[in-house]
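Participant: Data: query_11.txt, compact mmCIF, C-alpha atoms.
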# COMPACT_ATOMS: atom_id res chain seq x y z
CA MET A 1 22.08 6.56 2.38
CA LYS A 2 21.30 2.87 2.82
CA TYR A 3 21.95 0.15 0.26
CA GLY A 4 19.97 -2.97 -0.47
CA VAL A 5 20.06 -5.94 -2.83
CA PHE A 6 17.42 -6.89 -5.39
CA GLN A 7 17.16 -10.44 -6.71
CA PHE A 8 14.88 -12.38 -9.00
CA SER A 9 14.89 -15.39 -6.69
CA THR A 10 14.45 -18.33 -9.05
CA ASP A 11 14.79 -22.10 -9.04
CA TYR A 12 18.14 -21.80 -10.85
CA ALA A 13 19.71 -18.86 -8.97
CA ILE A 14 21.51 -18.76 -5.63
CA ARG A 15 19.07 -19.82 -2.90
CA ILE A 16 17.44 -16.84 -1.23
CA ASP A 17 18.37 -18.01 2.28
CA ASP A 18 22.04 -18.24 1.26
CA LEU A 19 21.86 -14.82 -0.41
CA ALA A 20 20.16 -13.26 2.62
CA ARG A 21 22.82 -14.57 4.96
CA GLU A 22 25.62 -13.18 2.78
CA THR A 23 23.79 -9.90 2.18
CA GLU A 24 23.42 -9.24 5.90
CA ALA A 25 27.02 -10.27 6.60
CA ARG A 26 28.21 -7.61 4.15
CA GLY A 27 26.28 -4.82 5.83
CA PHE A 28 23.47 -4.28 3.34
CA GLU A 29 20.25 -2.86 4.73
CA SER A 30 17.67 -4.85 2.78
CA LEU A 31 16.84 -7.62 0.33
CA PHE A 32 14.03 -7.16 -2.21
CA VAL A 33 12.35 -9.74 -4.43
CA PRO A 34 9.68 -9.30 -7.14
CA GLU A 35 6.51 -11.23 -7.85
CA HIS A 36 4.88 -12.95 -10.81
CA THR A 37 2.62 -15.89 -10.07
CA HIS A 38 3.03 -16.98 -13.69
CA ILE A 39 3.47 -15.59 -17.20
CA PRO A 40 0.68 -16.32 -19.70
CA ALA A 41 2.09 -18.19 -22.69
CA SER A 42 0.22 -15.92 -25.11
CA ARG A 43 2.69 -13.09 -24.35
CA LYS A 44 0.24 -10.47 -25.64
CA SER A 45 1.21 -7.74 -23.17
CA PRO A 46 4.53 -6.15 -24.18
CA TRP A 47 7.22 -6.09 -21.51
CA PRO A 48 8.04 -2.46 -20.58
CA GLY A 49 11.72 -3.37 -20.30
CA GLY A 50 12.27 -4.35 -23.92
CA ALA A 51 11.41 -6.82 -26.66
CA ASP A 52 12.15 -10.18 -25.06
CA LEU A 53 10.89 -11.07 -21.58
CA PRO A 54 13.71 -12.67 -19.53
CA ARG A 55 12.92 -16.19 -18.35
CA GLU A 56 13.33 -15.30 -14.65
CA TYR A 57 9.89 -13.71 -14.83
CA TRP A 58 8.24 -17.15 -14.86
CA HIS A 59 10.75 -18.87 -12.56
CA THR A 60 10.44 -16.71 -9.42
CA VAL A 61 9.68 -18.24 -6.04
CA ASP A 62 6.74 -16.87 -4.10
CA PRO A 63 7.98 -13.65 -2.45
CA PHE A 64 6.55 -14.31 1.00
CA VAL A 65 7.79 -17.89 1.14
CA GLY A 66 11.21 -16.69 -0.01
CA LEU A 67 11.36 -13.78 2.41
CA ALA A 68 10.29 -16.04 5.28
CA ALA A 69 13.28 -18.25 4.47
CA ALA A 70 15.47 -15.14 4.44
CA ALA A 71 14.05 -14.00 7.78
CA ALA A 72 14.88 -17.34 9.37
CA VAL A 73 18.63 -16.99 8.74
CA THR A 74 19.04 -13.25 9.48
CA THR A 75 18.37 -10.87 12.37
CA LYS A 76 18.67 -7.33 10.99
CA LEU A 77 18.17 -7.53 7.23
CA LYS A 78 14.99 -5.78 6.07
CA LEU A 79 12.77 -7.90 3.85
CA GLY A 80 11.11 -6.21 0.89
CA THR A 81 8.70 -7.02 -1.90
CA GLY A 82 9.71 -5.24 -5.06
CA ILE A 83 6.91 -5.37 -5.90
CA CYS A 84 3.96 -7.40 -4.63
CA LEU A 85 1.16 -7.62 -7.19
CA VAL A 86 -1.67 -6.72 -4.84
CA ILE A 87 -4.13 -6.81 -7.71
CA GLU A 88 -3.49 -10.57 -8.07
CA ARG A 89 -4.01 -11.46 -4.42
CA ASP A 90 -6.91 -11.88 -2.03
CA PRO A 91 -6.61 -8.95 0.42
CA ILE A 92 -7.59 -10.96 3.51
CA VAL A 93 -4.97 -13.62 2.76
CA LEU A 94 -2.37 -11.01 1.79
CA ALA A 95 -2.97 -9.04 4.99
CA LYS A 96 -2.32 -12.26 6.91
CA GLU A 97 0.88 -13.00 4.95
CA VAL A 98 2.36 -9.52 5.42
CA ALA A 99 1.45 -9.43 9.12
CA SER A 100 2.80 -12.95 9.70
CA LEU A 101 6.10 -12.15 8.00
CA ASP A 102 6.43 -8.91 9.97
CA TYR A 103 5.69 -10.76 13.21
CA LEU A 104 8.09 -13.65 12.54
CA SER A 105 10.87 -11.30 11.38
CA ARG A 106 10.33 -9.02 14.39
CA GLY A 107 9.28 -6.03 12.31
CA ARG A 108 11.55 -6.11 9.26
CA VAL A 109 9.07 -5.98 6.35
CA LEU A 110 9.13 -3.33 3.61
CA PHE A 111 5.90 -3.78 1.67
CA GLY A 112 6.51 -2.71 -1.91
CA ILE A 113 3.39 -2.76 -4.08
CA GLY A 114 2.44 -2.14 -7.69
CA GLY A 115 -0.33 -2.40 -10.25
CA GLY A 116 1.50 -4.58 -12.75
CA TRP A 117 1.84 -4.45 -16.54
CA ASN A 118 0.74 -7.90 -17.72
CA ALA A 119 -2.97 -7.65 -18.52
CA GLU A 120 -3.38 -11.36 -19.20
CA GLU A 121 -1.66 -12.36 -15.97
CA MET A 122 -3.97 -10.26 -13.80
CA ALA A 123 -6.99 -11.33 -15.85
CA HIS A 124 -6.25 -14.91 -14.82
CA HIS A 125 -6.69 -13.67 -11.25
CA GLY A 126 -9.97 -11.93 -12.07
CA THR A 127 -8.67 -8.35 -12.25
CA ASP A 128 -9.49 -6.12 -15.21
CA PHE A 129 -6.46 -4.16 -16.41
CA GLU A 130 -8.35 -0.86 -16.65
CA ASN A 131 -9.55 -1.14 -13.05
CA ARG A 132 -6.26 -2.30 -11.51
CA TRP A 133 -5.50 0.96 -9.66
CA LYS A 134 -9.00 1.13 -8.17
CA VAL A 135 -8.68 -2.50 -7.12
CA LEU A 136 -5.25 -1.83 -5.60
CA ARG A 137 -6.49 1.14 -3.58
CA GLU A 138 -9.42 -0.78 -2.14
CA ARG A 139 -7.36 -3.84 -1.31
CA ILE A 140 -4.71 -1.77 0.48
CA ALA A 141 -7.40 0.14 2.39
CA ALA A 142 -9.03 -3.15 3.40
CA MET A 143 -5.69 -4.56 4.52
CA GLN A 144 -5.00 -1.46 6.61
CA GLU A 145 -8.30 -2.04 8.36
CA ILE A 146 -7.32 -5.64 9.12
CA TRP A 147 -3.86 -4.65 10.34
CA THR A 148 -5.07 -1.88 12.64
CA LYS A 149 -8.45 -3.08 13.96
CA ASP A 150 -9.32 -5.86 16.39
CA GLU A 151 -12.58 -6.25 14.51
CA ALA A 152 -12.22 -5.12 10.90
CA GLU A 153 -14.73 -4.72 8.11
CA TYR A 154 -14.64 -3.18 4.65
CA HIS A 155 -17.33 -2.45 2.12
CA GLY A 156 -16.26 -1.21 -1.29
CA LYS A 157 -16.89 -1.89 -4.95
CA PHE A 158 -14.07 -4.41 -5.36
CA VAL A 159 -13.56 -5.57 -1.76
CA ASN A 160 -16.41 -6.39 0.57
CA PHE A 161 -16.40 -8.25 3.88
CA ASP A 162 -18.21 -8.03 7.20
CA LYS A 163 -16.56 -7.87 10.62
CA LEU A 164 -13.71 -10.31 11.07
CA TRP A 165 -10.86 -11.18 13.43
CA SER A 166 -7.37 -11.66 12.07
CA TYR A 167 -4.07 -12.04 13.93
CA PRO A 168 -1.17 -11.65 14.30
CA LYS A 169 -1.01 -7.91 13.78
CA PRO A 170 2.18 -6.44 12.26
CA VAL A 171 4.96 -5.55 14.69
CA GLN A 172 5.49 -2.21 12.89
CA LYS A 173 2.77 0.29 13.72
CA PRO A 174 0.36 1.02 12.29
CA HIS A 175 1.70 -1.41 9.67
CA PRO A 176 4.86 -2.00 7.59
CA PRO A 177 5.88 0.87 5.30
CA ILE A 178 4.04 0.76 1.97
CA LEU A 179 6.41 1.49 -0.92
CA MET A 180 4.58 2.46 -4.10
CA GLY A 181 6.26 1.09 -7.21
CA GLY A 182 6.08 2.67 -10.65
CA ALA A 183 7.20 5.56 -12.80
CA GLY A 184 5.64 8.87 -13.71
CA PRO A 185 3.73 11.57 -11.83
CA HIS A 186 0.74 9.33 -11.10
CA ALA A 187 2.98 6.77 -9.38
CA ARG A 188 4.56 9.49 -7.26
CA GLN A 189 1.17 10.84 -6.26
CA ARG A 190 0.08 7.35 -5.24
CA ALA A 191 3.29 7.08 -3.22
CA VAL A 192 2.35 10.26 -1.37
CA ASP A 193 -1.17 8.98 -0.79
CA PHE A 194 0.15 5.73 0.68
CA GLY A 195 2.59 7.40 3.07
CA GLY A 196 5.36 8.96 0.99
CA HIS A 197 7.47 5.90 0.11
CA TRP A 198 8.33 5.51 -3.57
CA LEU A 199 9.95 2.52 -5.30
CA PRO A 200 11.03 3.48 -8.86
CA ILE A 201 12.90 1.31 -11.36
CA GLY A 202 16.25 2.60 -12.59
CA GLY A 203 18.24 1.71 -15.67
CA ARG A 204 15.30 1.32 -18.02
CA SER A 205 14.45 3.29 -21.15
CA TYR A 206 11.45 4.77 -19.34
CA SER A 207 13.35 5.55 -16.11
CA GLU A 208 13.23 9.21 -15.15
CA PRO A 209 16.02 11.57 -14.00
CA MET A 210 16.42 10.93 -10.27
CA ALA A 211 17.02 14.53 -9.12
CA GLU A 212 13.92 15.89 -10.83
CA THR A 213 11.66 13.06 -9.71
CA ILE A 214 12.79 13.27 -6.07
CA ALA A 215 12.13 17.02 -6.15
CA ASP A 216 8.67 16.34 -7.55
CA LEU A 217 7.97 13.73 -4.86
CA ARG A 218 9.00 16.16 -2.13
CA ALA A 219 6.83 18.91 -3.57
CA ARG A 220 3.84 16.57 -3.74
CA THR A 221 4.44 15.47 -0.15
CA LEU A 222 4.55 19.06 1.09
CA ASN A 223 1.41 19.97 -0.85
CA SER A 224 -0.36 16.92 0.54
CA LYS A 225 0.56 17.79 4.12
CA ALA A 226 -0.62 21.36 3.65
CA ALA A 227 -3.92 20.21 2.18
CA GLU A 228 -4.36 17.62 4.91
CA GLY A 229 -3.78 20.29 7.56
CA GLU A 230 -6.62 22.38 6.14
CA HIS A 231 -8.97 19.40 6.00
CA VAL A 232 -8.05 18.31 9.54
CA ARG A 233 -9.06 21.74 10.85
CA SER A 234 -12.36 21.42 9.01
CA PHE A 235 -12.75 17.88 10.29
CA GLN A 236 -12.25 18.98 13.89
CA MET A 237 -14.73 21.84 13.61
CA ILE A 238 -17.36 19.54 12.12
CA ALA A 239 -16.78 17.00 14.87
CA ARG A 240 -17.33 19.67 17.50
CA ARG A 241 -20.49 20.75 15.71
CA LEU A 242 -21.91 17.19 15.76
CA LYS A 243 -20.77 16.32 19.28
CA GLY A 244 -23.59 15.64 21.67
CA ARG A 245 -26.37 15.35 19.12
CA PRO A 246 -28.37 12.17 19.85
CA GLY A 247 -27.69 9.37 17.39
CA LEU A 248 -24.91 11.19 15.58
CA GLU A 249 -21.92 9.94 17.56
CA LYS A 250 -21.68 6.98 15.21
CA ILE A 251 -20.83 9.35 12.35
CA LEU A 252 -17.74 10.41 14.23
CA VAL A 253 -16.43 6.85 14.33
CA HIS A 254 -17.28 5.99 10.72
CA LYS A 255 -13.53 5.82 10.17
CA SER A 256 -11.60 5.59 13.41
CA GLY A 257 -7.90 6.12 14.03
CA PRO A 258 -5.58 9.13 14.36
CA LEU A 259 -6.09 11.83 11.78
CA SER A 260 -2.38 11.65 11.04
CA ASP A 261 -2.98 8.17 9.57
CA TYR A 262 -5.38 9.52 6.92
CA THR A 263 -4.29 10.41 3.43
CA ALA A 264 -5.24 13.89 2.25
CA ALA A 265 -7.80 12.32 -0.08
CA GLU A 266 -9.42 10.40 2.77
CA VAL A 267 -9.58 13.46 4.98
CA ALA A 268 -11.17 15.45 2.16
CA LYS A 269 -13.70 12.69 1.51
CA TYR A 270 -14.82 12.31 5.11
CA ALA A 271 -14.77 16.03 5.80
CA ASP A 272 -17.19 16.41 2.92
CA VAL A 273 -19.37 13.63 4.36
CA PHE A 274 -19.47 15.44 7.69
CA ARG A 275 -20.29 18.74 6.02
CA ARG A 276 -23.31 17.18 4.35
CA GLY A 277 -24.29 15.56 7.65
CA VAL A 278 -24.22 18.91 9.42
CA GLU A 279 -26.37 20.50 6.74
CA GLU A 280 -28.95 17.71 6.93
CA VAL A 281 -29.13 17.95 10.73
CA ASP A 282 -29.54 21.72 10.57
CA LYS A 283 -32.48 21.32 8.18
CA VAL A 284 -34.23 19.20 10.80
CA THR A 285 -33.27 21.21 13.89
CA GLY A 286 -33.53 24.64 12.34
CA ARG A 287 -30.07 25.58 13.55
CA ALA A 288 -27.75 27.52 11.25
CA ALA A 289 -24.97 25.43 9.76
CA VAL A 290 -21.42 26.25 10.78
CA ARG A 291 -19.25 26.47 7.72
CA PRO A 292 -15.78 25.03 8.48
CA ALA A 293 -12.86 27.20 7.48
Could I get this file's structure written as C-alpha cells?
Facilitator:
Amino acid sequence: MKYGVFQFSTDYAIRIDDLARETEARGFESLFVPEHTHIPASRKSPWPGGADLPREYWHTVDPFVGLAAAAAVTTKLKLGTGICLVIERDPIVLAKEVASLDYLSRGRVLFGIGGGWNAEEMAHHGTDFENRWKVLRERIAAMQEIWTKDEAEYHGKFVNFDKLWSYPKPVQKPHPPILMGGAGPHARQRAVDFGGHWLPIGGRSYSEPMAETIADLRARTLNSKAAEGEHVRSFQMIARRLKGRPGLEKILVHKSGPLSDYTAAEVAKYADVFRRGVEEVDKVTGRAAVRPA
C-alpha cells in the first residue's frame, strides 16, 4: 500500500511547494489537490459534505499552477488532481496543461477527474448540470486523441475540432492514469471505463464501506475485460472481412490505436459500426455477410 497527502492548497495555508518538499522527504508517494475556480455567492447548490461550505473551497490555488510549483522542488513525488473539474475547462487547453505538467515533472502526474456538484459554478463555465457526464466523457476522449496522436481531431456533440498539432505529449504512455472521482456504482463503472482507477472520498456521510466497494470495482473490471475480449474477437473478424475491399480501408482506421486502449463501450460501439458496414457492402456485392461470433 502507498500513502499520499491531500491538501486544499489555499492562500492562507502552508505553501504547496513547502508542503511538497516535506511530503517527499517523509516518504509519501503522492500529493493531491482539488479544484474550484470559484464558488458562486448564491450558494444554491447544497454541499454534499454538510450544511456549511468551508471557506477553503473559494480560496484554492489553481491545481496545475500549484502542482507545477510542487514538481519544481521534488523529484519522485507523484502529483495528483483530486479532482480536476474537466467540465469547467476547455479540453484543448486542459490537454496541454496535463501534458506539460507530465513532461516537466518527468512523468509524475495522476490525473484525477470528476463531474462536480455545484450546478451554478459549472453553469458559469457554460456546462449544463444534467449534461455534465456526457460533457466529461467527450472532453476526456478528445484529450486522449490529442495526447496520443500527432495530428488529432474530434467531432462530438459537446466537443468539436478539426485536425490540430499539440505538443508536448505526456511522458507516461499512452497518457497519465485517469482516476475517476465519485461515489456509487455509476462512479465505479466510469472508473472501469476510464482504465480502472477510482478516487473515492472517505469520511463523509455518503462514503461507502471500502471492502464492499473495492469488491464491486474488481467485479466490474473483470466483467468489462471479459466483454471487451468478446468484442475484440468480433472486431478482428470484421476487420478481416473488410480487408482488401476498395475504398473500405479507411473504415479500419476510423479509430486507430491498440485495441487494448479501447474501453469495452468503445469496442462495442465500433464493432457495431463495422457490422453494419459489412452488411451494407454485402448488399452491393451480393456476398453473404459473415456474422462475427
Participant: Could you list, as a list in words, every residue within 12 Å of A:Lys134, counting only C-alpha atoms and ignoring same-chain residues fewer than 2 positions away?
Facilitator: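 Returned residues: Val86, Ile87, Gly114, Gly115, Thr127, Asp128, Phe129, Glu130, Asn131, Arg132, Leu136, Arg137, Glu138, Arg139, Ile140, Ala141, Gly156, Lys157, Phe158, Val159 and Arg190 of chain A.
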Participant: Can you tell me which residues surround stretch 66-77 of chain A at a distance of at most 10 Å, considering all atoms listed in the file, apart from same-chain residues fewer than 2 positions away, and format the answer as a PyMOL selection string?
Facilitator: chain A and resi 4+9-10+15-25+27-33+60-64+79-81+97+100-102+104-109
Participant: To one decimal place, how far is atom CA of A:Leu85 from atom CA of A:Val171 in Å?
Facilitator: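 Between atom CA of A:Leu85 and atom CA of A:Val171 the gap works out to 22.3 Å.
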Participant: Please determine, counting only C-alpha atoms, which residue among A:Val5, A:Ala119, A:His59, A:Asp52 has the shortest atom-to-atom distance to A:Pro40.
Facilitator: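 Closest residue, counting only C-alpha atoms: A:Ala119.
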Participant: Just to confirm, what's the straight-line distance from atom CA of A:Ala142 to atom CA of A:Ala95 in Å (one decimal)?
Facilitator: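 Distance reported for this atom pair: 8.6 Å.
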Participant: In Å, how far is it from atom CA of A:Ala183 to atom CA of A:Gln7?
Facilitator: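 Distance between the two atoms: 19.8 Å.
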Participant: Of the candidates A:Ile14, A:Pro200, A:Gly49, A:Gln172, which one gets nearest to A:Thr213 if we count all atoms listed in the file?
Facilitator: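 Ranked by minimum distance to A:Thr213, first place goes to A:Pro200.
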Participant: A:Gly196, A:Trp165, A:Trp133, A:Pro46: which is nearest A:Ile146, counting all atoms listed in the file?
Facilitator: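 When distances to A:Ile146 are compared using all atoms listed in the file, the smallest one comes from A:Trp165.
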Participant: Excluding A:Pro168 and residues on its chain fewer than 4 positions from it, collect all residues at most 8 Å away from it, counting only C-alpha atoms, and give them as a PDB file with C-alpha atoms, keeping the file's coordinate frame.
Facilitator:
ATOM      1  CA  LYS A  96      -2.320 -12.260   6.910  1.00  0.00           C
ATOM      2  CA  ALA A  99       1.450  -9.430   9.120  1.00  0.00           C
ATOM      3  CA  SER A 100       2.800 -12.950   9.700  1.00  0.00           C
ATOM      4  CA  TYR A 103       5.690 -10.760  13.210  1.00  0.00           C
TER       5      TYR A 103
END
Participant: Would you pick out the contacts of A:Leu179 at 9 Å or less, using all atoms listed in the file, so that residues sharing its chain but fewer than 2 positions from it are not included, and give the list as a ChimeraX atom specification?
Facilitator: /A:81-83,110-114,177,181,191,194-199
Participant: Which of these, A:Ile201, A:Ile92, A:Met210, A:Met122, has the shortest distance to A:Leu164 once you count all atoms listed in the file?
Facilitator: A:Ile92
Participant: As JSON, numbers by chain, please: the residues near A:Leu217 (cut-off 6 Å, all atoms listed in the file, same-chain neighbours under 3 positions excluded).
Facilitator: {"A": [188, 214, 220]}
